[in-house]
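Participant: What follows is work.txt; its format and atoms are compact mmCIF, C-alpha atoms and all ligand atoms.
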# COMPACT_ATOMS: atom_id res chain seq x y z
CA MET A 1 -25.57 26.26 -0.04
CA SER A 2 -22.96 27.37 -2.59
CA LEU A 3 -19.69 25.78 -1.56
CA ASN A 4 -16.10 25.85 -2.69
CA THR A 5 -15.72 22.15 -3.46
CA LYS A 6 -11.99 22.35 -4.32
CA PRO A 7 -9.53 20.58 -2.00
CA LEU A 8 -7.77 22.75 0.60
CA PHE A 9 -4.44 21.77 -1.03
CA SER A 10 -3.24 19.35 -3.72
CA TYR A 11 -3.41 15.80 -2.48
CA ALA A 12 -2.06 12.54 -3.92
CA GLY A 13 -4.91 10.17 -4.76
CA ASN A 14 -7.54 12.95 -4.84
CA LYS A 15 -10.58 11.71 -6.80
CA ASP A 16 -12.00 15.05 -8.02
CA LYS A 17 -11.35 14.17 -11.67
CA GLU A 18 -13.42 10.98 -11.23
CA TRP A 19 -16.63 12.59 -9.93
CA ASP A 20 -18.56 11.87 -13.15
CA GLU A 21 -17.43 8.24 -13.09
CA ILE A 22 -18.27 7.94 -9.39
CA ASP A 23 -21.73 9.48 -9.87
CA GLU A 24 -22.66 6.58 -12.16
CA VAL A 25 -22.07 3.97 -9.47
CA LEU A 26 -23.33 5.70 -6.32
CA PRO A 27 -26.13 4.01 -4.37
CA ASP A 28 -29.47 5.81 -4.06
CA LEU A 29 -28.34 8.61 -1.74
CA THR A 30 -31.89 9.54 -0.79
CA GLN A 31 -31.85 6.29 1.21
CA ILE A 32 -28.51 7.06 2.91
CA THR A 33 -28.14 8.85 6.26
CA THR A 34 -24.41 8.35 6.92
CA VAL A 35 -21.37 8.47 4.64
CA VAL A 36 -18.02 7.27 6.01
CA GLU A 37 -14.65 7.66 4.27
CA PRO A 38 -12.12 5.61 6.34
CA PHE A 39 -9.26 6.63 3.99
CA GLY A 40 -10.32 10.26 3.61
CA GLY A 41 -7.24 12.16 2.35
CA SER A 42 -8.66 15.30 0.73
CA PHE A 43 -12.16 13.72 1.09
CA SER A 44 -13.10 14.23 -2.53
CA LEU A 45 -16.35 12.25 -2.35
CA THR A 46 -17.57 14.07 0.76
CA ARG A 47 -16.76 17.47 -0.77
CA HIS A 48 -18.68 16.42 -3.87
CA LEU A 49 -21.82 15.32 -1.98
CA TYR A 50 -21.79 17.56 1.10
CA SER A 51 -23.81 20.54 -0.11
CA GLU A 52 -26.27 18.47 -2.15
CA TYR A 53 -27.17 16.19 0.77
CA PRO A 54 -27.26 18.40 3.89
CA GLU A 55 -29.27 15.77 5.74
CA ILE A 56 -26.47 13.15 5.46
CA LYS A 57 -23.91 12.88 8.30
CA PHE A 58 -20.38 12.69 6.88
CA THR A 59 -17.36 11.18 8.67
CA VAL A 60 -13.92 11.62 7.14
CA ASN A 61 -11.11 9.60 8.67
CA ASP A 62 -7.39 9.40 7.93
CA ASN A 63 -4.50 8.02 9.95
CA ASP A 64 -2.45 11.16 9.16
CA GLU A 65 -2.67 13.03 12.48
CA GLN A 66 -1.40 16.33 11.10
CA LEU A 67 -3.95 16.28 8.29
CA ILE A 68 -6.85 15.67 10.65
CA SER A 69 -5.71 18.36 13.10
CA VAL A 70 -5.52 20.81 10.20
CA TYR A 71 -9.10 19.94 9.21
CA ASN A 72 -10.44 20.11 12.76
CA THR A 73 -8.76 23.47 13.32
CA MET A 74 -9.73 25.02 10.01
CA LYS A 75 -13.41 24.04 10.20
CA ASP A 76 -13.72 26.19 13.37
CA PRO A 77 -14.43 29.84 12.36
CA GLU A 78 -12.40 31.43 15.18
CA LEU A 79 -9.38 29.16 14.82
CA ASN A 80 -9.56 29.50 11.04
CA GLU A 81 -9.23 33.27 11.31
CA THR A 82 -6.28 33.04 13.71
CA VAL A 83 -4.43 30.54 11.53
CA ILE A 84 -5.02 32.64 8.42
CA SER A 85 -3.36 35.66 10.03
CA GLU A 86 -0.40 33.47 11.06
CA LEU A 87 -0.17 32.10 7.51
CA GLN A 88 -0.18 35.63 6.11
CA GLN A 89 2.67 36.63 8.42
CA LEU A 90 4.66 33.57 7.39
CA GLU A 91 4.07 34.16 3.71
CA ALA A 92 5.11 37.84 3.96
CA THR A 93 8.54 36.93 5.37
CA ILE A 94 9.23 33.54 3.80
CA THR A 95 12.70 32.66 2.54
CA LYS A 96 14.06 29.32 1.34
CA LYS A 97 15.96 28.91 4.65
CA LYS A 98 12.87 29.64 6.75
CA TYR A 99 10.75 27.35 4.60
CA ASP A 100 13.17 24.45 5.15
CA GLU A 101 12.92 25.03 8.94
CA ILE A 102 9.12 25.21 8.85
CA LYS A 103 8.98 21.90 6.97
CA LYS A 104 10.28 20.15 10.10
CA LYS A 105 7.51 21.54 12.31
CA THR A 106 4.29 19.63 12.93
CA ASP A 107 1.85 22.19 14.37
CA VAL A 108 -1.23 23.19 12.37
CA THR A 109 -0.06 26.58 11.07
CA ASN A 110 3.36 25.40 9.94
CA SER A 111 2.21 22.11 8.45
CA LEU A 112 -0.69 23.81 6.65
CA PHE A 113 1.65 26.51 5.39
CA CYS A 114 3.91 23.88 3.82
CA ARG A 115 1.00 22.06 2.19
CA LEU A 116 -0.38 25.33 0.81
CA TYR A 117 2.90 26.93 -0.07
CA GLY A 118 5.01 24.04 -1.27
CA GLY A 119 2.30 21.84 -2.78
CA MET A 120 2.40 18.07 -2.79
CA HIS A 121 6.15 17.82 -3.26
CA GLY A 122 7.22 20.69 -1.02
CA GLN A 123 8.54 22.82 -3.86
CA PHE A 124 9.93 26.27 -3.17
CA PRO A 125 8.92 28.87 -4.14
CA LEU A 126 5.20 28.39 -4.48
CA LYS A 127 4.06 27.60 -8.03
CA GLN A 128 0.88 29.67 -7.95
CA LYS A 129 2.65 32.72 -6.44
CA CYS A 130 0.39 33.28 -3.42
CA ILE A 131 -1.84 31.36 -1.06
CA ASN A 132 -5.55 31.49 -1.86
CA TYR A 133 -6.83 32.71 1.53
CA GLU A 134 -10.41 32.87 0.32
CA LYS A 135 -10.33 29.10 -0.20
CA VAL A 136 -8.68 28.57 3.20
CA ALA A 137 -11.35 30.72 4.89
CA SER A 138 -14.15 28.82 3.15
CA PHE A 139 -13.07 25.59 4.88
CA THR A 140 -15.42 26.60 7.73
CA ASP A 141 -18.25 25.50 5.38
CA TYR A 142 -17.25 21.94 6.32
CA GLY A 143 -18.08 22.56 9.99
CA GLU A 144 -20.58 19.69 10.10
CA ILE A 145 -18.09 17.02 8.96
CA ASN A 146 -16.83 14.69 11.65
CA PHE A 147 -13.05 14.41 11.07
CA THR A 148 -11.43 11.49 12.88
CA CYS A 149 -7.95 10.02 13.08
CA GLU A 150 -8.05 6.24 13.42
CA ASP A 151 -6.76 3.25 11.59
CA GLY A 152 -9.06 2.98 8.57
CA TYR A 153 -9.05 -0.84 8.58
CA GLU A 154 -10.10 -0.93 12.27
CA MET A 155 -12.75 1.63 11.51
CA ILE A 156 -14.30 -0.57 8.82
CA ASP A 157 -14.22 -3.49 11.23
CA GLN A 158 -16.05 -1.48 13.86
CA CYS A 159 -18.66 0.33 11.81
CA CYS A 160 -22.22 -0.89 11.64
CA LYS A 161 -22.33 -2.99 8.52
CA ASP A 162 -25.91 -4.01 9.32
CA ASP A 163 -27.11 -0.49 8.62
CA PRO A 164 -28.60 -0.29 5.10
CA GLN A 165 -28.52 3.53 5.35
CA LEU A 166 -24.74 3.63 5.76
CA PHE A 167 -22.53 4.24 2.71
CA LEU A 168 -18.87 3.25 3.11
CA PHE A 169 -16.54 4.74 0.53
CA LEU A 170 -13.17 3.00 0.53
CA ASP A 171 -10.28 4.63 -1.28
CA PRO A 172 -7.30 2.98 0.42
CA PRO A 173 -3.63 3.23 -0.59
CA TYR A 174 -3.20 1.54 -3.93
CA VAL A 175 -2.28 -2.12 -4.12
CA GLY A 176 0.41 -1.17 -6.64
CA MET A 177 2.27 -3.57 -8.81
CA CYS A 178 1.41 -7.23 -8.26
CA ASN A 179 4.90 -8.06 -7.09
CA ARG A 180 4.61 -5.53 -4.21
CA PHE A 181 1.30 -7.01 -3.11
CA TYR A 182 2.92 -9.94 -1.33
CA ASN A 183 5.08 -7.65 0.84
CA ASN A 184 2.32 -5.39 2.07
CA PRO A 185 0.31 -6.75 5.04
CA LEU A 186 -2.24 -3.94 4.62
CA HIS A 187 -3.46 -5.45 1.39
CA TYR A 188 -4.10 -8.74 3.11
CA LYS A 189 -5.96 -6.79 5.78
CA LEU A 190 -8.11 -5.08 3.17
CA PHE A 191 -8.98 -8.27 1.32
CA ASP A 192 -9.60 -10.05 4.60
CA ILE A 193 -12.16 -7.36 5.50
CA LEU A 194 -13.73 -7.52 2.04
CA LYS A 195 -14.24 -11.25 2.03
CA ASN A 196 -17.60 -10.86 3.79
CA ALA A 197 -18.65 -7.54 2.25
CA ARG A 198 -21.18 -9.12 -0.08
CA HIS A 199 -23.25 -9.98 3.03
CA TRP A 200 -23.12 -6.47 4.50
CA LYS A 201 -26.33 -4.47 4.51
CA CYS A 202 -24.47 -1.16 4.29
CA LYS A 203 -23.47 0.00 0.82
CA LEU A 204 -19.82 -0.29 -0.10
CA LEU A 205 -17.94 1.39 -2.95
CA LEU A 206 -14.24 0.59 -3.22
CA ILE A 207 -11.84 2.23 -5.67
CA LEU A 208 -8.47 0.60 -6.21
CA ASP A 209 -5.82 0.52 -8.86
CA ASP A 210 -6.78 -2.26 -11.20
CA ASN A 211 -4.66 -5.37 -11.52
CA PRO A 212 -5.43 -9.04 -12.07
CA LEU A 213 -5.11 -9.88 -8.35
CA THR A 214 -7.61 -7.23 -7.28
CA GLU A 215 -10.10 -8.40 -9.88
CA THR A 216 -9.63 -12.04 -8.92
CA PHE A 217 -10.14 -11.35 -5.21
CA CYS A 218 -13.18 -9.18 -5.76
CA LYS A 219 -14.82 -11.74 -8.02
CA HIS A 220 -13.93 -14.51 -5.61
CA PHE A 221 -15.64 -12.59 -2.79
CA GLY A 222 -18.81 -12.18 -4.86
CA LEU A 223 -18.39 -8.41 -5.19
CA ASN A 224 -19.59 -6.46 -8.20
CA ILE A 225 -16.97 -4.96 -10.51
CA ALA A 226 -19.01 -1.98 -11.67
CA LYS A 227 -16.40 -0.56 -14.04
CA VAL A 228 -12.74 -0.11 -14.84
CA VAL A 229 -11.75 3.48 -15.60
CA PRO A 230 -8.59 4.60 -17.44
CA ILE A 231 -6.64 7.22 -15.45
CA LYS A 232 -3.59 9.37 -16.07
CA TYR A 233 -1.89 10.30 -12.79
CA GLN A 234 -1.43 14.07 -12.75
CA TYR A 235 2.11 14.25 -11.38
CA SER A 236 3.80 11.01 -12.44
CA LYS A 237 1.94 11.09 -15.83
CA ILE A 238 1.59 7.31 -15.49
CA ASN A 239 -1.38 5.73 -17.28
CA ALA A 240 -3.29 3.33 -15.05
CA HIS A 241 -6.78 1.95 -14.47
CA HIS A 242 -9.01 2.28 -11.44
CA ILE A 243 -11.42 -0.50 -10.61
CA TYR A 244 -14.78 0.41 -9.01
CA VAL A 245 -16.13 -2.38 -6.83
CA THR A 246 -19.50 -2.43 -5.04
CA ASN A 247 -21.49 -4.80 -2.86
CA TYR A 248 -24.70 -3.61 -4.55
CA LEU A 249 -25.88 -3.39 -8.12
CA THR A 250 -25.28 0.07 -9.54
CA SER A 251 -27.40 1.87 -12.13
CA LEU A 252 -24.97 0.51 -14.74
CA GLU A 253 -25.98 -3.11 -14.08
CA LEU A 254 -29.62 -2.22 -13.42
CA GLU A 255 -29.90 -0.44 -16.78
CA GLN A 256 -28.33 -3.33 -18.66
CA PRO A 257 -29.36 -6.46 -16.82
CA SER A 258 -26.94 -9.28 -17.44
CA GLU A 259 -27.50 -12.97 -16.81
CA LEU A 260 -25.80 -12.43 -13.45
CA ASP A 261 -28.34 -9.84 -12.32
CA GLN A 262 -31.22 -12.18 -12.92
CA SER A 263 -29.99 -14.76 -10.42
CA SER A 264 -30.51 -14.30 -6.68
CA GLU A 265 -27.79 -12.59 -4.60
CA GLU A 266 -26.78 -15.91 -3.06
CA GLU A 267 -26.54 -17.55 -6.51
CA GLN A 268 -24.47 -14.62 -7.78
CA SER A 269 -21.87 -15.10 -5.08
CA GLU A 270 -21.71 -18.79 -5.76
CA GLU A 271 -21.25 -18.21 -9.50
CA LEU A 272 -18.41 -15.77 -8.85
CA ILE A 273 -16.73 -18.06 -6.37
CA ALA A 274 -17.05 -20.91 -8.83
CA GLU A 275 -15.29 -18.76 -11.45
CA PHE A 276 -12.33 -18.44 -9.12
C1 LIG B 1 -5.82 7.07 -2.06
S1 LIG B 1 -5.67 8.17 -0.70
C2 LIG B 1 -7.33 8.71 -0.48
C3 LIG B 1 -7.62 9.86 -1.37
C4 LIG B 1 -8.96 10.52 -1.08
N1 LIG B 1 -10.08 9.74 -1.54
C5 LIG B 1 -9.02 11.91 -1.71
O1 LIG B 1 -9.97 12.22 -2.42
O2 LIG B 1 -8.08 12.68 -1.47
C6 LIG B 1 -5.46 7.07 0.65
C7 LIG B 1 -5.48 7.76 2.01
O3 LIG B 1 -5.43 6.74 3.01
C8 LIG B 1 -4.69 7.22 4.10
N2 LIG B 1 -4.25 6.03 4.86
C9 LIG B 1 -3.24 5.17 4.59
N3 LIG B 1 -3.23 4.15 5.49
C10 LIG B 1 -4.27 4.39 6.34
C11 LIG B 1 -4.77 3.70 7.47
N4 LIG B 1 -4.22 2.57 7.91
N5 LIG B 1 -5.84 4.22 8.09
C12 LIG B 1 -6.43 5.38 7.67
N6 LIG B 1 -5.98 6.07 6.59
C13 LIG B 1 -4.92 5.57 5.94
C14 LIG B 1 -3.56 8.04 3.49
O4 LIG B 1 -3.08 9.01 4.43
C15 LIG B 1 -4.29 8.67 2.29
O5 LIG B 1 -4.80 9.94 2.65
Can you dump the structure from the file as C-alpha cells?
Facilitator:
Amino acid sequence: MSLNTKPLFSYAGNKDKEWDEIDEVLPDLTQITTVVEPFGGSFSLTRHLYSEYPEIKFTVNDNDEQLISVYNTMKDPELNETVISELQQLEATITKKKYDEIKKKTDVTNSLFCRLYGGMHGQFPLKQKCINYEKVASFTDYGEINFTCEDGYEMIDQCCKDDPQLFLFLDPPYVGMCNRFYNNPLHYKLFDILKNARHWKCKLLLILDDNPLTETFCKHFGLNIAKVVPIKYQYSKINAHHIYVTNYLTSLELEQPSELDQSSEEEQSEELIAEF
C-alpha cells in the first residue's frame, strides 16, 4: 500500500524527524501483533509502521478529545468527504474575524479547519496559502487504526504487559526542566508505572527529553538507555536531547555486547539499582 505518511497537520512533539533514530531501537516487529501509543498526538510511529506491517493492530490514544474525534471522523470515507466540502466552503469565505470565531468552536469541521488553516500556533492567514485537501482525503487510509481517548497513564496500567507480542510506544509530555519536575504529578505517575517495566513481557520504548533525573530513574529501574539523540525543536529552535529507553536490548546493544549484556536480566537490574 502506498500511503501518505505525513501528519494531517503540524503537531508539537511529532517524531517524524526521528524515524531513522527510532528504527535502530525498534524490537523485532515480525514478532509483534499489537502496537499501542498511549500518548499518540500525530501518531508518528504508527504512521511510519502502518503500511509496512499490515498484519499489526495499531491503537492510537490521546486524552485530547477533539483530536481523537477528528481522527475518528476523518478515517471514515463518507464523513471525510462531507467534512472536506465543509472545509472548502469555510476556506472560500474566511476572514480574520470569522477565523477568530471559528477558533472558539469545538466540533470536528471547525477544529480541524483551525488546525489545518492556522497551524500549530493558530496563525492567520495560513502560511502555505491553501489547505492540502488531497492529504486530508488520504486520511481514510488509516481506517484500520483504533483511535481512543483515555488517560494514557491509566491505559498503560490496564494493558496486557504479559503479552510478549505487544509493543508499547510511550512518548508522553516532556519532563521539562528539572526544577519543574517536582511540581508535576504526572511525572511521578510515569516513573511509578515504569518502576516495574523491566519485568514486563511486552516491549516498551519510551522517548523523553533527556535530563539527569530521567537517566537516574531509568537506570534505577533497570531499564536500558539505548541512546541519547540531539534534537533541535522546529519552532522554538531550542537545542535539546531525547533519551530512548527500552525494557529490551536493542540491535545497538546486541551488535556491540557490553559487560552488562553478558549478565542475566536479573543481574542487570541489580547492577543498575546498585549504581543508583
Ligand atoms: C510528545 S506528544 C506525542 C507526540 C506524538 N508521538 C507524535 O508523533 O505526534 C504527547 C501527547 O500526549 C498527549 N497527552 C498528554 N497528557 C496525556 C494523558 N494524560 N493521556 C493521554 N494523552 C496525553 C498530548 O495531547 C500529546 O498529544
Participant: Per residue of range 46-120 of chain A within 8 Å of range 143-149 of chain A, which atom pair is closest and at what distance in Å (one decimal), using only C-alpha atoms, listed by chain and increasing number, as CSV?
Facilitator:
residue,atom,partner,partner_atom,distance
A:Lys57,CA,A:Ile145,CA,7.2
A:Phe58,CA,A:Ile145,CA,5.3
A:Thr59,CA,A:Asn146,CA,4.6
A:Val60,CA,A:Phe147,CA,4.9
A:Asn61,CA,A:Thr148,CA,4.6
A:Asp62,CA,A:Cys149,CA,5.2
A:Asn63,CA,A:Cys149,CA,5.1
A:Asp64,CA,A:Cys149,CA,6.8
A:Glu65,CA,A:Cys149,CA,6.1
A:Ile68,CA,A:Cys149,CA,6.2
A:Tyr71,CA,A:Phe147,CA,7.0
A:Asn72,CA,A:Phe147,CA,6.5
A:Lys75,CA,A:Gly143,CA,4.9
A:Asp76,CA,A:Gly143,CA,6.6
Participant: If the limit is 7 Å from any atom of ligand LIG 1 (chain B), counting only C-alpha atoms and all ligand atoms, which residues qualify? Return them as a list in words.
Facilitator: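 Based on only C-alpha atoms and all ligand atoms, ligand LIG 1 (chain B) is surrounded within 7 Å by Tyr11, Ala12, Gly13, Asn14, Lys15, Asp16, Pro38, Phe39, Gly40, Gly41, Ser42, Phe43, Ser44, Leu45, Asn61, Asp62, Asn63, Asp64, Glu150, Asp151, Gly152, Tyr153, Asp171, Pro172, Pro173 and Tyr174 of chain A.
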Participant: Enter the distance from CA of Ser111 in chain A to CA of Gln66 in chain A, in Å, rounded to one decimal.
Facilitator: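 Computing it gives 7.3 Å between the two atoms.
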Participant: Rounded to one decimal place, report the CA of Lys189 in chain A-CA of Cys160 in chain A distance in Å.
Facilitator: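 We find that CA of Lys189 in chain A and CA of Cys160 in chain A lie 18.3 Å from each other.
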Participant: Of the candidates A:Thr93, A:Gln88, A:Ser2, A:Thr214, which one gets nearest to Ile131 in chain A if we count all atoms listed in the file?
Facilitator: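 Closest to Ile131 in chain A of all the choices is A:Gln88.
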Participant: Report as AutoDock Vina command-line options the centre and the edge lengths, in Å to one decimal, of the axis-aligned box holding every listed atom of range 47-56 of chain A, padded by 5 Å on each side.
Facilitator:
--center_x -23.0 --center_y 16.8 --center_z 0.9 --size_x 22.5 --size_y 17.4 --size_z 19.6
Participant: Just to confirm, what's the straight-line distance from CA of Ser138 in chain A to CA of Leu206 in chain A in Å (one decimal)?
Facilitator: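 Atom-to-atom, CA of Ser138 in chain A to CA of Leu206 in chain A, that is 28.9 Å.
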Participant: Is there a way to get, as a PyMOL selection string, all residues within 12 Å of the point (-22.5, 9.6, 2.5) in file coordinates, counting all atoms listed in the file?
Facilitator: chain A and resi 26-38+43-60+145-146+164-170+202-205
Participant: Could the residues in this selection be written to a file with C-alpha atoms, as a compact mmCIF listing (two decimals), in the frame of the given file?
Facilitator:
# COMPACT_ATOMS: atom_id res chain seq x y z
CA LEU A 26 -23.33 5.70 -6.32
CA PRO A 27 -26.13 4.01 -4.37
CA ASP A 28 -29.47 5.81 -4.06
CA LEU A 29 -28.34 8.61 -1.74
CA THR A 30 -31.89 9.54 -0.79
CA GLN A 31 -31.85 6.29 1.21
CA ILE A 32 -28.51 7.06 2.91
CA THR A 33 -28.14 8.85 6.26
CA THR A 34 -24.41 8.35 6.92
CA VAL A 35 -21.37 8.47 4.64
CA VAL A 36 -18.02 7.27 6.01
CA GLU A 37 -14.65 7.66 4.27
CA PRO A 38 -12.12 5.61 6.34
CA PHE A 43 -12.16 13.72 1.09
CA SER A 44 -13.10 14.23 -2.53
CA LEU A 45 -16.35 12.25 -2.35
CA THR A 46 -17.57 14.07 0.76
CA ARG A 47 -16.76 17.47 -0.77
CA HIS A 48 -18.68 16.42 -3.87
CA LEU A 49 -21.82 15.32 -1.98
CA TYR A 50 -21.79 17.56 1.10
CA SER A 51 -23.81 20.54 -0.11
CA GLU A 52 -26.27 18.47 -2.15
CA TYR A 53 -27.17 16.19 0.77
CA PRO A 54 -27.26 18.40 3.89
CA GLU A 55 -29.27 15.77 5.74
CA ILE A 56 -26.47 13.15 5.46
CA LYS A 57 -23.91 12.88 8.30
CA PHE A 58 -20.38 12.69 6.88
CA THR A 59 -17.36 11.18 8.67
CA VAL A 60 -13.92 11.62 7.14
CA ILE A 145 -18.09 17.02 8.96
CA ASN A 146 -16.83 14.69 11.65
CA PRO A 164 -28.60 -0.29 5.10
CA GLN A 165 -28.52 3.53 5.35
CA LEU A 166 -24.74 3.63 5.76
CA PHE A 167 -22.53 4.24 2.71
CA LEU A 168 -18.87 3.25 3.11
CA PHE A 169 -16.54 4.74 0.53
CA LEU A 170 -13.17 3.00 0.53
CA CYS A 202 -24.47 -1.16 4.29
CA LYS A 203 -23.47 0.00 0.82
CA LEU A 204 -19.82 -0.29 -0.10
CA LEU A 205 -17.94 1.39 -2.95
Participant: Under the rule that all atoms listed in the file are counted, which of A:Val25, A:Asp209, A:Glu101, A:Lys195 is the nearest residue to Thr246 in chain A?
Facilitator: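 The shortest atom-to-atom distance to Thr246 in chain A comes from A:Val25.
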Participant: Select, counting all atoms listed in the file, all protein, DNA and RNA residues no farther than 12 Å from (-8.0, 39.1, 5.2) in file coordinates, and express the selection as a VMD selection string.
Facilitator: chain A and resid 80 to 89 131 to 137
Participant: Choose the residue, out of A:Lys17, A:Glu154, A:Asn247, A:Thr106, that has the smallest atom-to-atom separation from Lys232 in chain A; count all atoms listed in the file.
Facilitator: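 Ranked by minimum distance to Lys232 in chain A, first place goes to A:Lys17.
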